[in-house]
Amino acid sequence: MNELTLTTPMLVSAVILAATFAAIFTEQVHQFDRTRIAMAGAGAMLVAGQIFGFYGPAQALAAIDWNVVLLLGSMMTMVAIMLPTGGFENLAFRLARASRGRQFVLLASLGTAVTLLSLLLDNVTTIVIFGPLIILITRAIGTTPVPYLIAASMLSNTGGVATLVGDPPNLMIGSAAGISFNAFAIHMAGIVFVAWLVTLFAIRFVFRTELSAPAAATSFEGEGAIRDRRTWIAALLTLAVTLVLFVAHHALGWQPWVVAAFGLTLLLFLAKGVRLDATFEHVEIALLSFFIALFIVVGGVQQSHFLEWVGRFIGPFVASDPLVATLVLLWLSALLSAAIDNIPFTAAMIPILLGLEAQGLNATPLFWALAVGVGLGGNGSHIGSTANVYVVTLSERLARATGDTRLAITPGLWLRRGTPVTLLTLIVSSVIFWAFFDFFAAPLR
């Protein structure tokens, strides 16, 4: 087969991929959620693969990245055990009391807590935990929750880029490229810290009017009591052990999912009173099913060699100017992630980058650019990440309940306040990539 010649299997798989992604990105129009669409796409890819002889059930099963699925599922279950304890509420109210009515201090404290949690838990889970608490606290002190909700979402998205387990695209990139927890943190920590500081102080500037007034109330006596202290302490201990094992997983020869499964098993024995049937009800099976189906769809396209064919056109550009190619991918992935879900885009890009490696090119800086681009780019619009969509939904619900439309986060508001902050972080990140390109380009294997 001529490496630059399209074949029928390539075209068929590409059409199924394009139709699946288009349907995922327009789910608000046709009202079919992305999990249903991905499952339909996976089924279509399997049928087409068997008809045209390029894909079968065994290959589909092998295409699923179980490291991602099992790691996410284990961490979701750990969070589901922690939520009813009241520990997160206690932490939030302690930060509120410590701020003593100083709004930016409160915003920075909550934003820091959200970011730190996002280093180990995925950012969506962190926002689901803290979003309602932010509304409760800001209403109690008589101020608008809008700056706090936007800051929490943007800072969690930013912080999630820093670690292998902080964001689903990171899991996908790290698992596919064989990047360890430590290597991911070492390469991303600096750029994420700078982007985090830029985001925090830029939000302070764009919301300077709202944050300048002192809080109307500062007392939270009796709020945020821990309801199950034993389980909460057991969970904190388990998270500490899990973090240590994540750091050591490469030396131990464990994949990240093994570490997460070990942590979950440890917590289940330490927290004896946990009812597993009730806990598993809070695990997002729909999201895990979406990942499985998406891996099957992309696996079919990879087996047809379409992505390899696409990579042949990209390869010369990467070889001629790796730095420019890295910056182009950074901005392209950021702009697309601001408009569409970053998970399908990441899933489609990973095999292309692996294909470049197979051609003998150094794709390492491209993997880092992809991680930063899809992570920071999600801050660019109100639908750029699931965390953003969640805080927008919370604000709209609050606006309806109070009759105050100023409490709703509208697309226009995000465009005026959030998008400039995102562009600033992308510019800063581009400068860092340019200045330290040799560091990001150093091969990992």
# chains A, B, ... in the order shown; residues from 1 in each chain; ligands from 1

$ residues_around --residues "Leu270 (chain A)" --least-positions-apart "4" --cutoff "9 Å" --atoms "only C-alpha atoms" --output "ChimeraX atom specification"
/A:230-231,234-235,238,265-266

$ select_by_dssp --residues "region 247-384 of chain A" --states "helix (DSSP H, G or I)" --output "tab-separated table (two decimals) with N, CA and C atoms, in the first residue's frame"
chain	number	residue	atom	x	y	z
A	247	VAL	N	4.12	8.58	43.39
A	247	VAL	CA	5.48	9.05	43.18
A	247	VAL	C	6.43	7.88	42.93
A	248	ALA	N	6.17	6.76	43.61
A	248	ALA	CA	7.09	5.61	43.53
A	248	ALA	C	6.63	4.55	42.54
A	249	HIS	N	5.54	4.79	41.80
A	249	HIS	CA	4.96	3.71	40.99
A	249	HIS	C	5.92	3.22	39.90
A	250	HIS	N	6.72	4.12	39.36
A	250	HIS	CA	7.64	3.70	38.30
A	250	HIS	C	8.69	2.75	38.86
A	251	ALA	N	9.22	3.07	40.04
A	251	ALA	CA	10.22	2.20	40.66
A	251	ALA	C	9.62	0.87	41.09
A	252	LEU	N	8.35	0.89	41.48
A	252	LEU	CA	7.68	-0.34	41.90
A	252	LEU	C	7.27	-1.22	40.73
A	256	PRO	N	-0.31	3.31	37.09
A	256	PRO	CA	-1.09	4.18	37.98
A	256	PRO	C	-2.41	3.56	38.45
A	257	TRP	N	-3.07	2.76	37.60
A	257	TRP	CA	-4.34	2.18	38.03
A	257	TRP	C	-4.15	1.21	39.19
A	258	VAL	N	-2.99	0.56	39.26
A	258	VAL	CA	-2.72	-0.36	40.36
A	258	VAL	C	-2.62	0.43	41.67
A	259	VAL	N	-1.96	1.60	41.60
A	259	VAL	CA	-1.85	2.46	42.78
A	259	VAL	C	-3.23	2.90	43.25
A	260	ALA	N	-4.06	3.37	42.32
A	260	ALA	CA	-5.40	3.83	42.68
A	260	ALA	C	-6.24	2.69	43.25
A	261	ALA	N	-6.14	1.51	42.66
A	261	ALA	CA	-6.90	0.36	43.15
A	261	ALA	C	-6.42	-0.05	44.54
A	262	PHE	N	-5.11	0.03	44.77
A	262	PHE	CA	-4.56	-0.28	46.10
A	262	PHE	C	-5.10	0.72	47.13
A	263	GLY	N	-5.08	2.02	46.77
A	263	GLY	CA	-5.60	3.04	47.68
A	263	GLY	C	-7.06	2.82	48.01
A	264	LEU	N	-7.86	2.51	47.00
A	264	LEU	CA	-9.28	2.25	47.22
A	264	LEU	C	-9.48	1.05	48.13
A	265	THR	N	-8.75	-0.02	47.90
A	265	THR	CA	-8.87	-1.21	48.73
A	265	THR	C	-8.49	-0.91	50.18
A	266	LEU	N	-7.41	-0.15	50.37
A	266	LEU	CA	-6.99	0.23	51.72
A	266	LEU	C	-8.08	1.04	52.41
A	267	LEU	N	-8.67	2.00	51.71
A	267	LEU	CA	-9.71	2.83	52.31
A	267	LEU	C	-10.94	2.00	52.68
A	268	LEU	N	-11.29	1.03	51.85
A	268	LEU	CA	-12.46	0.20	52.15
A	268	LEU	C	-12.28	-0.60	53.43
A	269	PHE	N	-11.04	-0.99	53.74
A	269	PHE	CA	-10.79	-1.72	54.98
A	269	PHE	C	-10.66	-0.78	56.18
A	270	LEU	N	-10.16	0.43	55.95
A	270	LEU	CA	-10.06	1.39	57.04
A	270	LEU	C	-11.42	1.99	57.41
A	276	LEU	N	-20.97	-0.32	50.27
A	276	LEU	CA	-20.46	-0.28	48.90
A	276	LEU	C	-21.56	-0.03	47.88
A	277	ASP	N	-22.74	-0.62	48.08
A	277	ASP	CA	-23.80	-0.43	47.09
A	277	ASP	C	-24.18	1.03	46.99
A	278	ALA	N	-24.24	1.73	48.13
A	278	ALA	CA	-24.56	3.16	48.11
A	278	ALA	C	-23.42	3.97	47.52
A	279	THR	N	-22.18	3.57	47.81
A	279	THR	CA	-21.02	4.29	47.30
A	279	THR	C	-20.93	4.20	45.79
A	280	PHE	N	-21.14	3.01	45.24
A	280	PHE	CA	-21.02	2.81	43.80
A	280	PHE	C	-22.09	3.56	43.01
A	285	ILE	N	-20.54	6.04	36.02
A	285	ILE	CA	-20.44	4.94	35.07
A	285	ILE	C	-20.58	5.46	33.64
A	286	ALA	N	-21.41	6.48	33.45
A	286	ALA	CA	-21.60	7.03	32.10
A	286	ALA	C	-20.30	7.58	31.54
A	287	LEU	N	-19.51	8.25	32.38
A	287	LEU	CA	-18.23	8.80	31.91
A	287	LEU	C	-17.24	7.67	31.58
A	288	LEU	N	-17.20	6.66	32.42
A	288	LEU	CA	-16.31	5.53	32.16
A	288	LEU	C	-16.71	4.81	30.87
A	289	SER	N	-18.02	4.68	30.66
A	289	SER	CA	-18.50	4.05	29.42
A	289	SER	C	-18.15	4.90	28.21
A	290	PHE	N	-18.20	6.21	28.37
A	290	PHE	CA	-17.82	7.12	27.29
A	290	PHE	C	-16.36	6.90	26.89
A	291	PHE	N	-15.48	6.78	27.88
A	291	PHE	CA	-14.07	6.55	27.60
A	291	PHE	C	-13.88	5.22	26.86
A	292	ILE	N	-14.53	4.18	27.33
A	292	ILE	CA	-14.38	2.86	26.70
A	292	ILE	C	-14.82	2.92	25.24
A	293	ALA	N	-15.99	3.51	24.98
A	293	ALA	CA	-16.50	3.60	23.62
A	293	ALA	C	-15.59	4.46	22.74
A	294	LEU	N	-15.09	5.55	23.31
A	294	LEU	CA	-14.22	6.45	22.54
A	294	LEU	C	-12.91	5.76	22.16
A	295	PHE	N	-12.36	4.98	23.07
A	295	PHE	CA	-11.14	4.23	22.76
A	295	PHE	C	-11.39	3.25	21.62
A	296	ILE	N	-12.56	2.65	21.60
A	296	ILE	CA	-12.89	1.69	20.53
A	296	ILE	C	-12.99	2.41	19.19
A	297	VAL	N	-13.62	3.59	19.18
A	297	VAL	CA	-13.75	4.36	17.94
A	297	VAL	C	-12.37	4.74	17.40
A	298	VAL	N	-11.54	5.33	18.26
A	298	VAL	CA	-10.21	5.77	17.82
A	298	VAL	C	-9.34	4.57	17.46
A	299	GLY	N	-9.52	3.46	18.17
A	299	GLY	CA	-8.77	2.26	17.84
A	299	GLY	C	-9.05	1.76	16.43
A	300	GLY	N	-10.31	1.87	16.01
A	300	GLY	CA	-10.66	1.47	14.65
A	300	GLY	C	-9.99	2.34	13.60
A	301	VAL	N	-9.96	3.64	13.85
A	301	VAL	CA	-9.31	4.56	12.92
A	301	VAL	C	-7.81	4.27	12.85
A	302	GLN	N	-7.25	3.95	14.01
A	302	GLN	CA	-5.82	3.63	14.04
A	302	GLN	C	-5.53	2.34	13.28
A	303	GLN	N	-6.39	1.34	13.43
A	303	GLN	CA	-6.19	0.06	12.74
A	303	GLN	C	-6.34	0.19	11.22
A	306	PHE	N	-5.52	5.26	8.98
A	306	PHE	CA	-5.85	6.63	8.55
A	306	PHE	C	-5.01	7.66	9.31
A	307	LEU	N	-4.88	7.45	10.63
A	307	LEU	CA	-4.11	8.41	11.43
A	307	LEU	C	-2.63	8.37	11.04
A	308	GLU	N	-2.14	7.21	10.65
A	308	GLU	CA	-0.77	7.12	10.15
A	308	GLU	C	-0.62	7.92	8.86
A	309	TRP	N	-1.65	7.85	8.01
A	309	TRP	CA	-1.65	8.61	6.76
A	309	TRP	C	-1.65	10.12	7.04
A	310	VAL	N	-2.45	10.55	8.03
A	310	VAL	CA	-2.47	11.96	8.42
A	310	VAL	C	-1.11	12.39	8.94
A	311	GLY	N	-0.48	11.51	9.72
A	311	GLY	CA	0.82	11.83	10.29
A	311	GLY	C	1.91	12.05	9.26
A	312	ARG	N	1.76	11.43	8.09
A	312	ARG	CA	2.76	11.61	7.03
A	312	ARG	C	2.83	13.06	6.55
A	313	PHE	N	1.70	13.77	6.63
A	313	PHE	CA	1.69	15.16	6.21
A	313	PHE	C	2.23	16.08	7.31
A	314	ILE	N	2.03	15.67	8.56
A	314	ILE	CA	2.48	16.50	9.68
A	314	ILE	C	3.97	16.32	9.94
A	315	GLY	N	4.47	15.10	9.68
A	315	GLY	CA	5.85	14.77	9.98
A	315	GLY	C	6.88	15.75	9.46
A	316	PRO	N	6.84	16.13	8.17
A	316	PRO	CA	7.85	17.07	7.66
A	316	PRO	C	7.85	18.41	8.37
A	317	PHE	N	6.66	18.90	8.76
A	317	PHE	CA	6.57	20.17	9.47
A	317	PHE	C	7.22	20.06	10.84
A	318	VAL	N	6.96	18.95	11.55
A	318	VAL	CA	7.56	18.74	12.87
A	318	VAL	C	9.07	18.62	12.75
A	319	ALA	N	9.53	17.90	11.74
A	319	ALA	CA	10.98	17.70	11.55
A	319	ALA	C	11.69	18.99	11.21
A	320	SER	N	11.04	19.87	10.44
A	320	SER	CA	11.71	21.09	9.98
A	320	SER	C	11.82	22.14	11.07
A	322	PRO	N	10.67	21.95	15.07
A	322	PRO	CA	9.96	21.37	16.22
A	322	PRO	C	9.35	22.40	17.16
A	323	LEU	N	10.04	23.53	17.37
A	323	LEU	CA	9.53	24.55	18.28
A	323	LEU	C	8.24	25.16	17.75
A	324	VAL	N	8.24	25.55	16.48
A	324	VAL	CA	7.03	26.13	15.90
A	324	VAL	C	5.90	25.12	15.90
A	325	ALA	N	6.21	23.86	15.58
A	325	ALA	CA	5.18	22.81	15.60
A	325	ALA	C	4.60	22.66	17.00
A	326	THR	N	5.44	22.73	18.02
A	326	THR	CA	4.98	22.61	19.40
A	326	THR	C	4.05	23.76	19.78
A	327	LEU	N	4.43	24.99	19.40
A	327	LEU	CA	3.60	26.15	19.73
A	327	LEU	C	2.29	26.13	18.94
A	328	VAL	N	2.34	25.68	17.70
A	328	VAL	CA	1.12	25.58	16.89
A	328	VAL	C	0.16	24.58	17.54
A	329	LEU	N	0.67	23.43	17.98
A	329	LEU	CA	-0.19	22.44	18.63
A	329	LEU	C	-0.74	22.97	19.94
A	330	LEU	N	0.08	23.70	20.69
A	330	LEU	CA	-0.38	24.30	21.95
A	330	LEU	C	-1.59	25.19	21.71
A	331	TRP	N	-1.49	26.09	20.76
A	331	TRP	CA	-2.58	27.03	20.50
A	331	TRP	C	-3.77	26.36	19.82
A	332	LEU	N	-3.48	25.43	18.90
A	332	LEU	CA	-4.57	24.74	18.23
A	332	LEU	C	-5.40	23.93	19.22
A	333	SER	N	-4.73	23.18	20.08
A	333	SER	CA	-5.45	22.38	21.07
A	333	SER	C	-6.19	23.26	22.06
A	334	ALA	N	-5.60	24.43	22.41
A	334	ALA	CA	-6.27	25.35	23.33
A	334	ALA	C	-7.53	25.95	22.70
A	335	LEU	N	-7.42	26.40	21.46
A	335	LEU	CA	-8.56	27.01	20.79
A	335	LEU	C	-9.69	26.00	20.58
A	336	LEU	N	-9.32	24.78	20.18
A	336	LEU	CA	-10.35	23.76	19.99
A	336	LEU	C	-10.98	23.34	21.32
A	337	SER	N	-10.17	23.27	22.37
A	337	SER	CA	-10.69	22.88	23.68
A	337	SER	C	-11.62	23.94	24.27
A	338	ALA	N	-11.45	25.19	23.84
A	338	ALA	CA	-12.36	26.24	24.28
A	338	ALA	C	-13.74	26.10	23.64
A	339	ALA	N	-13.77	25.43	22.49
A	339	ALA	CA	-15.03	25.32	21.74
A	339	ALA	C	-15.68	23.95	21.86
A	342	ASN	N	-12.49	18.48	25.25
A	342	ASN	CA	-11.08	18.21	24.99
A	342	ASN	C	-10.74	16.71	25.00
A	343	ILE	N	-11.60	15.89	25.54
A	343	ILE	CA	-11.29	14.46	25.62
A	343	ILE	C	-11.27	13.81	24.23
A	344	PRO	N	-12.30	14.00	23.38
A	344	PRO	CA	-12.21	13.41	22.04
A	344	PRO	C	-11.04	13.94	21.22
A	345	PHE	N	-10.75	15.23	21.34
A	345	PHE	CA	-9.63	15.80	20.60
A	345	PHE	C	-8.32	15.15	21.05
A	346	THR	N	-8.16	14.98	22.36
A	346	THR	CA	-6.96	14.34	22.88
A	346	THR	C	-6.86	12.90	22.38
A	347	ALA	N	-7.99	12.20	22.40
A	347	ALA	CA	-8.00	10.80	21.95
A	347	ALA	C	-7.60	10.69	20.48
A	348	ALA	N	-7.98	11.65	19.67
A	348	ALA	CA	-7.63	11.62	18.25
A	348	ALA	C	-6.18	12.01	18.00
A	349	MET	N	-5.64	12.91	18.83
A	349	MET	CA	-4.28	13.40	18.61
A	349	MET	C	-3.22	12.41	19.06
A	350	ILE	N	-3.50	11.64	20.11
A	350	ILE	CA	-2.48	10.75	20.67
A	350	ILE	C	-1.94	9.75	19.65
A	351	PRO	N	-2.80	9.05	18.88
A	351	PRO	CA	-2.23	8.12	17.89
A	351	PRO	C	-1.42	8.82	16.81
A	352	ILE	N	-1.79	10.05	16.47
A	352	ILE	CA	-1.01	10.80	15.47
A	352	ILE	C	0.39	11.09	16.00
A	353	LEU	N	0.47	11.51	17.27
A	353	LEU	CA	1.78	11.78	17.85
A	353	LEU	C	2.60	10.50	17.99
A	354	LEU	N	1.94	9.40	18.36
A	354	LEU	CA	2.65	8.13	18.43
A	354	LEU	C	3.15	7.71	17.05
A	355	GLY	N	2.35	8.04	16.02
A	355	GLY	CA	2.77	7.76	14.65
A	355	GLY	C	4.00	8.54	14.26
A	356	LEU	N	4.10	9.78	14.73
A	356	LEU	CA	5.29	10.59	14.46
A	356	LEU	C	6.52	9.96	15.12
A	357	GLU	N	6.32	9.45	16.34
A	357	GLU	CA	7.42	8.76	17.01
A	357	GLU	C	7.86	7.53	16.21
A	358	ALA	N	6.88	6.82	15.64
A	358	ALA	CA	7.19	5.63	14.85
A	358	ALA	C	8.01	5.98	13.60
A	364	THR	N	8.06	14.19	21.93
A	364	THR	CA	7.95	14.51	23.36
A	364	THR	C	7.42	15.92	23.62
A	365	PRO	N	7.98	16.98	22.99
A	365	PRO	CA	7.44	18.32	23.27
A	365	PRO	C	6.00	18.48	22.82
A	366	LEU	N	5.59	17.71	21.82
A	366	LEU	CA	4.21	17.79	21.35
A	366	LEU	C	3.24	17.21	22.39
A	367	PHE	N	3.66	16.15	23.09
A	367	PHE	CA	2.82	15.61	24.15
A	367	PHE	C	2.63	16.64	25.27
A	368	TRP	N	3.71	17.33	25.64
A	368	TRP	CA	3.60	18.36	26.68
A	368	TRP	C	2.72	19.52	26.21
A	369	ALA	N	2.89	19.92	24.96
A	369	ALA	CA	2.07	21.02	24.43
A	369	ALA	C	0.60	20.63	24.38
A	370	LEU	N	0.33	19.38	24.04
A	370	LEU	CA	-1.06	18.91	24.02
A	370	LEU	C	-1.67	18.96	25.41
A	371	ALA	N	-0.92	18.51	26.42
A	371	ALA	CA	-1.43	18.52	27.80
A	371	ALA	C	-1.73	19.94	28.27
A	372	VAL	N	-0.80	20.86	28.02
A	372	VAL	CA	-1.00	22.26	28.44
A	372	VAL	C	-2.13	22.90	27.64
A	373	GLY	N	-2.16	22.66	26.33
A	373	GLY	CA	-3.17	23.29	25.49
A	373	GLY	C	-4.58	22.89	25.84
A	374	VAL	N	-4.83	21.58	25.98
A	374	VAL	CA	-6.20	21.15	26.27
A	374	VAL	C	-6.59	21.51	27.70
A	375	GLY	N	-5.59	21.57	28.60
A	375	GLY	CA	-5.90	21.92	29.99
A	375	GLY	C	-6.23	23.39	30.16
A	376	LEU	N	-5.36	24.27	29.68
A	376	LEU	CA	-5.58	25.71	29.81
A	376	LEU	C	-6.65	26.20	28.84
A	377	GLY	N	-6.72	25.58	27.66
A	377	GLY	CA	-7.71	26.03	26.67
A	377	GLY	C	-9.13	25.85	27.15
A	378	GLY	N	-9.36	24.87	28.04
A	378	GLY	CA	-10.70	24.68	28.56
A	378	GLY	C	-11.23	25.89	29.31
A	379	ASN	N	-10.34	26.78	29.76
A	379	ASN	CA	-10.76	28.00	30.45
A	379	ASN	C	-11.26	29.07	29.50
A	380	GLY	N	-11.14	28.83	28.20
A	380	GLY	CA	-11.41	29.89	27.24
A	380	GLY	C	-12.86	30.22	27.01

$ closest_atom_pairs --of "region 33-129 of chain A" --to "region 14-22 of chain A" --cutoff "7 Å" --atoms "only C-alpha atoms" --output "CSV"
residue,atom,partner,partner_atom,distance
A:Ile37,CA,A:Thr20,CA,6.4
A:Ala38,CA,A:Thr20,CA,6.4
A:Gly41,CA,A:Thr20,CA,5.5
A:Met45,CA,A:Ile16,CA,6.6

$ write_last_selection --atoms "all heavy atoms" --output "PDB file, in the first residue's frame"
ATOM      1  N   ILE A  37     -23.775   8.600  22.078  1.00  0.00           N
ATOM      2  CA  ILE A  37     -23.180   8.825  20.755  1.00  0.00           C
ATOM      3  C   ILE A  37     -21.896   8.011  20.598  1.00  0.00           C
ATOM      4  O   ILE A  37     -21.658   7.369  19.563  1.00  0.00           O
ATOM      5  CB  ILE A  37     -22.885  10.321  20.545  1.00  0.00           C
ATOM      6  CG1 ILE A  37     -24.198  11.128  20.550  1.00  0.00           C
ATOM      7  CG2 ILE A  37     -22.133  10.539  19.243  1.00  0.00           C
ATOM      8  CD1 ILE A  37     -25.169  10.729  19.471  1.00  0.00           C
ATOM      9  N   ALA A  38     -21.047   8.030  21.619  1.00  0.00           N
ATOM     10  CA  ALA A  38     -19.792   7.285  21.544  1.00  0.00           C
ATOM     11  C   ALA A  38     -20.048   5.784  21.417  1.00  0.00           C
ATOM     12  O   ALA A  38     -19.353   5.084  20.663  1.00  0.00           O
ATOM     13  CB  ALA A  38     -18.937   7.575  22.774  1.00  0.00           C
ATOM     14  N   GLY A  41     -21.056   5.131  17.898  1.00  0.00           N
ATOM     15  CA  GLY A  41     -19.878   5.205  17.046  1.00  0.00           C
ATOM     16  C   GLY A  41     -19.007   3.964  17.161  1.00  0.00           C
ATOM     17  O   GLY A  41     -18.482   3.462  16.162  1.00  0.00           O
ATOM     18  N   MET A  45     -18.150   1.407  14.173  1.00  0.00           N
ATOM     19  CA  MET A  45     -16.766   1.122  13.807  1.00  0.00           C
ATOM     20  C   MET A  45     -16.509  -0.382  13.791  1.00  0.00           C
ATOM     21  O   MET A  45     -15.809  -0.892  12.893  1.00  0.00           O
ATOM     22  CB  MET A  45     -15.812   1.807  14.790  1.00  0.00           C
ATOM     23  CG  MET A  45     -14.348   1.758  14.387  1.00  0.00           C
ATOM     24  SD  MET A  45     -13.981   2.733  12.904  1.00  0.00           S
ATOM     25  CE  MET A  45     -14.027   4.410  13.595  1.00  0.00           C
TER      26      MET A  45
END

$ residues_around --residues "Ala202 (chain A)" --least-positions-apart "4" --cutoff "10 Å" --atoms "only C-alpha atoms" --output "ChimeraX atom specification"
/A:151,196-198,206-208,417-418,420-422,424-425

$ residues_around --residues "His382 (chain A)" --least-positions-apart "2" --cutoff "10 Å" --atoms "only C-alpha atoms" --output "ChimeraX atom specification"
/A:150,153,338-339,378-380,384-392,409-415,418-419

$ residues_around --residues "region 172-180 of chain A" --least-positions-apart "2" --cutoff "7 Å" --atoms "only C-alpha atoms" --output "PDB file with N, CA and C atoms, in the first residue's frame"
ATOM      1  N   ASN A  67      -5.929   1.294  31.790  1.00  0.00           N
ATOM      2  CA  ASN A  67      -5.228   2.068  32.805  1.00  0.00           C
ATOM      3  C   ASN A  67      -6.008   3.340  33.134  1.00  0.00           C
ATOM      4  N   VAL A  68      -6.515   4.010  32.101  1.00  0.00           N
ATOM      5  CA  VAL A  68      -7.301   5.227  32.298  1.00  0.00           C
ATOM      6  C   VAL A  68      -8.636   4.910  32.965  1.00  0.00           C
ATOM      7  N   LEU A 164      -0.283  13.703  36.522  1.00  0.00           N
ATOM      8  CA  LEU A 164      -0.783  12.642  35.652  1.00  0.00           C
ATOM      9  C   LEU A 164      -2.250  12.342  35.913  1.00  0.00           C
ATOM     10  N   PRO A 168      -8.479  14.098  33.025  1.00  0.00           N
ATOM     11  CA  PRO A 168      -8.582  12.915  32.158  1.00  0.00           C
ATOM     12  C   PRO A 168      -7.663  12.937  30.937  1.00  0.00           C
ATOM     13  N   PRO A 169      -7.513  14.073  30.214  1.00  0.00           N
ATOM     14  CA  PRO A 169      -6.557  14.059  29.094  1.00  0.00           C
ATOM     15  C   PRO A 169      -5.133  13.717  29.524  1.00  0.00           C
ATOM     16  N   ASN A 170      -4.732  14.131  30.734  1.00  0.00           N
ATOM     17  CA  ASN A 170      -3.402  13.781  31.224  1.00  0.00           C
ATOM     18  C   ASN A 170      -3.246  12.270  31.356  1.00  0.00           C
ATOM     19  N   ASN A 182       6.003  11.000  38.212  1.00  0.00           N
ATOM     20  CA  ASN A 182       7.060  11.953  38.539  1.00  0.00           C
ATOM     21  C   ASN A 182       7.473  12.789  37.332  1.00  0.00           C
ATOM     22  N   ALA A 183       7.652  12.127  36.186  1.00  0.00           N
ATOM     23  CA  ALA A 183       8.071  12.858  34.982  1.00  0.00           C
ATOM     24  C   ALA A 183       7.012  13.888  34.590  1.00  0.00           C
ATOM     25  N   PHE A 184       5.751  13.508  34.719  1.00  0.00           N
ATOM     26  CA  PHE A 184       4.679  14.451  34.374  1.00  0.00           C
ATOM     27  C   PHE A 184       4.730  15.661  35.309  1.00  0.00           C
ATOM     28  N   HIS A 250       6.717   4.116  39.359  1.00  0.00           N
ATOM     29  CA  HIS A 250       7.641   3.697  38.301  1.00  0.00           C
ATOM     30  C   HIS A 250       8.694   2.748  38.857  1.00  0.00           C
ATOM     31  N   ILE A 350      -3.496  11.639  20.108  1.00  0.00           N
ATOM     32  CA  ILE A 350      -2.478  10.747  20.675  1.00  0.00           C
ATOM     33  C   ILE A 350      -1.939   9.755  19.648  1.00  0.00           C
ATOM     34  N   PHE A 367       3.659  16.154  23.088  1.00  0.00           N
ATOM     35  CA  PHE A 367       2.817  15.612  24.155  1.00  0.00           C
ATOM     36  C   PHE A 367       2.629  16.640  25.266  1.00  0.00           C
TER      37      PHE A 367
END

$ decode --residues "region 193-204 of chain A" --atoms "N, CA and C atoms" --output "PDB file, in the first residue's frame"
ATOM      1  N   PHE A 193       2.466  26.331  37.622  1.00  0.00           N
ATOM      2  CA  PHE A 193       2.533  27.281  38.737  1.00  0.00           C
ATOM      3  C   PHE A 193       2.494  28.716  38.234  1.00  0.00           C
ATOM      4  N   VAL A 194       3.257  28.997  37.186  1.00  0.00           N
ATOM      5  CA  VAL A 194       3.243  30.350  36.616  1.00  0.00           C
ATOM      6  C   VAL A 194       1.861  30.674  36.048  1.00  0.00           C
ATOM      7  N   ALA A 195       1.269  29.729  35.310  1.00  0.00           N
ATOM      8  CA  ALA A 195      -0.066  29.953  34.743  1.00  0.00           C
ATOM      9  C   ALA A 195      -1.100  30.129  35.847  1.00  0.00           C
ATOM     10  N   TRP A 196      -0.929  29.408  36.954  1.00  0.00           N
ATOM     11  CA  TRP A 196      -1.865  29.522  38.082  1.00  0.00           C
ATOM     12  C   TRP A 196      -1.785  30.917  38.711  1.00  0.00           C
ATOM     13  N   LEU A 197      -0.574  31.403  38.923  1.00  0.00           N
ATOM     14  CA  LEU A 197      -0.419  32.751  39.487  1.00  0.00           C
ATOM     15  C   LEU A 197      -1.011  33.804  38.553  1.00  0.00           C
ATOM     16  N   VAL A 198      -0.731  33.668  37.265  1.00  0.00           N
ATOM     17  CA  VAL A 198      -1.276  34.611  36.287  1.00  0.00           C
ATOM     18  C   VAL A 198      -2.806  34.580  36.321  1.00  0.00           C
ATOM     19  N   THR A 199      -3.379  33.385  36.381  1.00  0.00           N
ATOM     20  CA  THR A 199      -4.837  33.253  36.418  1.00  0.00           C
ATOM     21  C   THR A 199      -5.419  33.905  37.660  1.00  0.00           C
ATOM     22  N   LEU A 200      -4.826  33.631  38.814  1.00  0.00           N
ATOM     23  CA  LEU A 200      -5.342  34.165  40.073  1.00  0.00           C
ATOM     24  C   LEU A 200      -5.347  35.691  40.088  1.00  0.00           C
ATOM     25  N   PHE A 201      -4.213  36.293  39.723  1.00  0.00           N
ATOM     26  CA  PHE A 201      -4.131  37.758  39.799  1.00  0.00           C
ATOM     27  C   PHE A 201      -4.848  38.436  38.633  1.00  0.00           C
ATOM     28  N   ALA A 202      -4.958  37.758  37.517  1.00  0.00           N
ATOM     29  CA  ALA A 202      -5.755  38.309  36.415  1.00  0.00           C
ATOM     30  C   ALA A 202      -7.234  38.310  36.776  1.00  0.00           C
ATOM     31  N   ILE A 203      -7.698  37.263  37.457  1.00  0.00           N
ATOM     32  CA  ILE A 203      -9.090  37.237  37.924  1.00  0.00           C
ATOM     33  C   ILE A 203      -9.323  38.350  38.940  1.00  0.00           C
ATOM     34  N   ARG A 204      -8.339  38.571  39.798  1.00  0.00           N
ATOM     35  CA  ARG A 204      -8.469  39.674  40.750  1.00  0.00           C
ATOM     36  C   ARG A 204      -8.643  41.004  40.013  1.00  0.00           C
TER      37      ARG A 204
END
